[in-house]
Protein chains: 2
Amino acid sequence: MAHLHTDPCPGCADPDLAFAAHDHAHCTSDALARADALIAAKGLRLTPVRRRTLEILLEDHRALGAYDVLTRLAAEGYGNQPPVAYRALDFLEEQGLAHRIRRLNAFTACMHPGEAHAPAFLICRGCDTVAEAPAAPVLAALEAAAANSGFTIERSNIEALGLCPACQDAAV
Amino acid sequence: MAHLHTDPCPGCADPDLAFAAHDHAHCTSDALARADALIAAKGLRLTPVRRRTLEILLEDHRALGAYDVLTRLAAEGYGNQPPVAYRALDFLEEQGLAHRIRRLNAFTACMHPGEAHAPAFLICRGCDTVAEAPAAPVLAALEAAAANSGFTIERSNIEALGLCPACQDAAV
DNA sequence: TTATCATTGTTATAGTATAACATGTCAAGA
DNA sequence: TCTTGACATGTTATACTATAACAATGATAA
């Protein structure tokens, strides 16, 4: 969870803040700045479509379908065919700037780019918010279970559906 | 992992045996017998399509797409439209007799029907075998992480992609 | 028997994803 | 400067996954 910068970072230091009111502009600018740095460091290019796609995903802590993203991109003058969105999304995912939420067939911006992490996602079925929870202990338990069978894990996805605090209160 | 029957059950007592040679006929007959008992106990009906669908899923420890199942069902005289397969698969999943593997958009027979469990899946990308690993510790870690954010988990899916022992050896 | 409900069949359509090829862009080396 | 080659984008077409909605059938219980 360590950050590269030293500023206070309310939106991303605490993963659970996705569920609470917070300085979201900071989330966005921070994530973008780190994305720029990360991609530059790798000698890759965060082209206009790719960067814009990331910005769209960063607009809030929800997951967007590829076709939602595509609609937005098309409205802004980019190509309007599925591969346009899928290519940008796949690139972002490969570079660790976005995650695919398989349960939703959708994508969400990574809130901790640059930090090695195999995240666990908390998906609120009330408000559709998606939060990245610290998954190190979960991953460790999963690897232990796999090791018991001699299985080697390369990638994993851990997703939980439920209710965030606000939606639990609202349900009462 | 406790069984309802007292026979030795090599195929299901050890989840990792999905990756190894084992008495698969026993897996199948055991799972079917338990499915019958379970459904009867609930006062529901394991109709021909549903039972046949389960049998098809039980043929081996892999995941089948809904359309794969549909093709099989249609060839045997059942309806040949998608809802036929999806309804049977959804029923089996709701009753805990099958699981949906989201990473694969596919379904696999449950190897521990009747035992309350939120399973973790180990998916071998070499041989496409899917094994159910004991997930209690993983689940516990996930719930702990969620609790930290005040998030209540209702359903979760935990899937890992990698290589089973045999495919690791083969890769050398 | 008849009302009722669950199940299955069927039509149609919605939503998700990728293959394949054409075009364009940019930077490094001749 | 020109060329070349790699990467990126645009575009066409199609494959794959999933569900809504309604009709027909079959079991069950009052």
# chains A, B, ... in the order shown; residues from 1 in each chain; ligands from 1
>>> closest_atom_pairs(of="chain C", to="chain B", cutoff="9 Å", atoms="only C-alpha atoms (C1' of nucleotides)", output="JSON lines")
{"residue": "C:DT7", "atom": "C1'", "partner": "B:Thr47", "partner_atom": "CA", "distance": 8.8}
{"residue": "C:DT8", "atom": "C1'", "partner": "B:Val84", "partner_atom": "CA", "distance": 7.6}
{"residue": "C:DG9", "atom": "C1'", "partner": "B:Gly79", "partner_atom": "CA", "distance": 6.5}
{"residue": "C:DT10", "atom": "C1'", "partner": "B:Gln81", "partner_atom": "CA", "distance": 7.5}
>>> residues_around(residues="Ala37 of chain A", least_positions_apart="6", cutoff="10 Å", atoms="only C-alpha atoms (C1' of nucleotides)", output="MDAnalysis selection string")
chainID A and resid 31 43 46 114
>>> residues_around(residues="His99 of chain B", least_positions_apart="5", cutoff="8 Å", atoms="only C-alpha atoms (C1' of nucleotides)", output="PDB file with C-alpha atoms, in the first residue's frame")
ATOM      1  CA  LEU B  92     -27.923 -26.697 -10.685  1.00  0.00           C
ATOM      2  CA  GLU B  93     -25.950 -23.698  -9.553  1.00  0.00           C
ATOM      3  CA  PHE B 107     -19.818 -24.317 -15.651  1.00  0.00           C
ATOM      4  CA  THR B 108     -18.446 -27.242 -13.724  1.00  0.00           C
ATOM      5  CA  ALA B 109     -20.065 -29.894 -11.550  1.00  0.00           C
ATOM      6  CA  CYS B 110     -19.771 -29.399  -7.837  1.00  0.00           C
TER       7      CYS B 110
END
>>> interface_residues(of="chain D", to="chain A", cutoff="10 Å", atoms="only C-alpha atoms (C1' of nucleotides)", output="PyMOL selection string")
chain D and resi 7-12
>>> write_last_selection(atoms="N, CA and C atoms (P, O5', C5', C4', C3', O3' and C1' of nucleotides)", output="PDB file, in the first residue's frame")
ATOM      1  P    DC D   7       6.857  -3.583 -31.580  1.00  0.00           P
ATOM      2  O5'  DC D   7       5.761  -2.489 -31.232  1.00  0.00           O
ATOM      3  C5'  DC D   7       6.175  -1.146 -31.017  1.00  0.00           C
ATOM      4  C4'  DC D   7       5.041  -0.232 -31.360  1.00  0.00           C
ATOM      5  C3'  DC D   7       3.703  -0.587 -30.710  1.00  0.00           C
ATOM      6  O3'  DC D   7       3.311   0.555 -29.960  1.00  0.00           O
ATOM      7  C1'  DC D   7       3.423  -0.020 -32.985  1.00  0.00           C
ATOM      8  P    DA D   8       2.109   0.512 -28.946  1.00  0.00           P
ATOM      9  O5'  DA D   8       0.947   1.216 -29.763  1.00  0.00           O
ATOM     10  C5'  DA D   8       1.182   2.492 -30.327  1.00  0.00           C
ATOM     11  C4'  DA D   8       0.011   2.881 -31.198  1.00  0.00           C
ATOM     12  C3'  DA D   8      -1.366   2.520 -30.656  1.00  0.00           C
ATOM     13  O3'  DA D   8      -2.071   3.734 -30.482  1.00  0.00           O
ATOM     14  C1'  DA D   8      -1.149   1.940 -32.947  1.00  0.00           C
ATOM     15  P    DT D   9      -3.562   3.723 -29.992  1.00  0.00           P
ATOM     16  O5'  DT D   9      -4.355   3.742 -31.366  1.00  0.00           O
ATOM     17  C5'  DT D   9      -4.276   4.892 -32.209  1.00  0.00           C
ATOM     18  C4'  DT D   9      -5.089   4.640 -33.456  1.00  0.00           C
ATOM     19  C3'  DT D   9      -6.578   4.399 -33.206  1.00  0.00           C
ATOM     20  O3'  DT D   9      -7.276   5.446 -33.862  1.00  0.00           O
ATOM     21  C1'  DT D   9      -5.679   2.834 -34.736  1.00  0.00           C
ATOM     22  P    DG D  10      -8.849   5.503 -33.820  1.00  0.00           P
ATOM     23  O5'  DG D  10      -9.211   4.798 -35.206  1.00  0.00           O
ATOM     24  C5'  DG D  10      -8.748   5.380 -36.413  1.00  0.00           C
ATOM     25  C4'  DG D  10      -9.317   4.604 -37.597  1.00  0.00           C
ATOM     26  C3'  DG D  10     -10.811   4.327 -37.504  1.00  0.00           C
ATOM     27  O3'  DG D  10     -11.405   4.658 -38.748  1.00  0.00           O
ATOM     28  C1'  DG D  10      -9.630   2.303 -37.856  1.00  0.00           C
ATOM     29  P    DT D  11     -12.964   4.641 -38.969  1.00  0.00           P
ATOM     30  O5'  DT D  11     -13.190   3.146 -39.463  1.00  0.00           O
ATOM     31  C5'  DT D  11     -12.406   2.666 -40.552  1.00  0.00           C
ATOM     32  C4'  DT D  11     -12.851   1.269 -40.942  1.00  0.00           C
ATOM     33  C3'  DT D  11     -14.330   0.965 -40.682  1.00  0.00           C
ATOM     34  O3'  DT D  11     -14.881   0.535 -41.902  1.00  0.00           O
ATOM     35  C1'  DT D  11     -12.962  -0.775 -39.847  1.00  0.00           C
ATOM     36  P    DT D  12     -16.458   0.283 -42.056  1.00  0.00           P
ATOM     37  O5'  DT D  12     -16.493  -1.290 -42.328  1.00  0.00           O
ATOM     38  C5'  DT D  12     -15.554  -1.859 -43.245  1.00  0.00           C
ATOM     39  C4'  DT D  12     -15.612  -3.373 -43.140  1.00  0.00           C
ATOM     40  C3'  DT D  12     -17.016  -3.954 -42.948  1.00  0.00           C
ATOM     41  O3'  DT D  12     -17.242  -4.928 -43.951  1.00  0.00           O
ATOM     42  C1'  DT D  12     -15.532  -4.857 -41.345  1.00  0.00           C
TER      43       DT D  12
END
>>> interface_residues(of="chain A", to="chain B", cutoff="7 Å", atoms="only C-alpha atoms", output="number ranges by chain")
A: 16, 102-103, 133-134, 137-138, 141-142, 145, 149-165
>>> select_by_dssp(residues="segment 33-117 of chain A", states="alpha helix (DSSP H)", output="MDAnalysis selection string")
chainID A and resid 33:41 48:58 66:75 82:94
>>> write_last_selection(atoms="C-alpha atoms", output="short mmCIF file (atom, residue, chain, number, x, y, z; two decimals), in the first residue's frame")
data_model
loop_
_atom_site.label_atom_id
_atom_site.label_comp_id
_atom_site.auth_asym_id
_atom_site.auth_seq_id
_atom_site.Cartn_x
_atom_site.Cartn_y
_atom_site.Cartn_z
CA ALA A 33 0.05 11.09 -12.71
CA ARG A 34 1.20 7.70 -11.61
CA ALA A 35 -0.02 6.13 -14.83
CA ASP A 36 1.99 8.64 -16.85
CA ALA A 37 5.09 7.93 -14.82
CA LEU A 38 4.66 4.20 -14.96
CA ILE A 39 4.12 4.02 -18.67
CA ALA A 40 7.01 6.36 -19.36
CA ALA A 41 9.27 4.26 -17.17
CA PRO A 48 -4.83 9.73 -26.29
CA VAL A 49 -7.38 6.90 -26.51
CA ARG A 50 -5.65 4.99 -23.75
CA ARG A 51 -5.36 7.98 -21.48
CA ARG A 52 -8.92 9.06 -22.14
CA THR A 53 -10.13 5.52 -21.43
CA LEU A 54 -8.34 5.61 -18.11
CA GLU A 55 -9.87 8.99 -17.30
CA ILE A 56 -13.32 7.63 -18.04
CA LEU A 57 -12.75 4.67 -15.75
CA LEU A 58 -11.48 7.02 -13.09
CA ALA A 66 -16.46 -2.12 -22.66
CA TYR A 67 -19.43 -0.86 -24.63
CA ASP A 68 -20.08 1.92 -22.13
CA VAL A 69 -16.51 3.04 -22.58
CA LEU A 70 -16.83 2.70 -26.33
CA THR A 71 -19.90 4.93 -26.42
CA ARG A 72 -18.03 7.61 -24.54
CA LEU A 73 -14.97 7.33 -26.75
CA ALA A 74 -17.02 7.41 -29.93
CA ALA A 75 -18.83 10.54 -28.74
CA PRO A 82 -15.58 -2.56 -30.23
CA PRO A 83 -11.86 -3.19 -30.76
CA VAL A 84 -11.17 0.48 -30.01
CA ALA A 85 -12.44 0.06 -26.47
CA TYR A 86 -11.17 -3.46 -25.95
CA ARG A 87 -7.68 -2.61 -27.08
CA ALA A 88 -7.41 0.35 -24.77
CA LEU A 89 -8.89 -1.60 -21.87
CA ASP A 90 -6.65 -4.59 -22.48
CA PHE A 91 -3.62 -2.34 -22.60
CA LEU A 92 -4.56 -0.68 -19.32
CA GLU A 93 -5.14 -4.03 -17.72
CA GLU A 94 -1.84 -5.44 -18.91
#
>>> closest_residue(among="B:His24, B:Gly65, B:Leu97, B:Gly77", to="DT17 of chain D", atoms="only C-alpha atoms (C1' of nucleotides)")
B:Gly65
>>> closest_residue(among="D:DA27, D:DA6, D:DA18, D:DA13", to="DG15 of chain C", atoms="only C-alpha atoms (C1' of nucleotides)")
D:DA18
>>> select_by_dssp(residues="chain B", states="strand (DSSP E or B)", output="VMD selection string")
chain B and resid 62 64 98 to 101 106 to 109 120 to 124 129 to 133 152 to 163
>>> atom_distance(atom1="atom C1' of DT3 of chain D", atom2="atom C1' of DA27 of chain C")
11.7 Å
>>> closest_residue(among="A:Ala106, A:His112, A:Gly126, A:Ala118", to="DT16 of chain C", atoms="only C-alpha atoms (C1' of nucleotides)")
A:Ala106
>>> atom_distance(atom1="atom CA of Cys127 of chain A", atom2="atom CA of Asp23 of chain A")
18.4 Å
>>> closest_residue(among="A:Cys27, A:Asp169, A:Arg100, A:Pro119", to="Asp60 of chain A", atoms="only C-alpha atoms")
A:Cys27
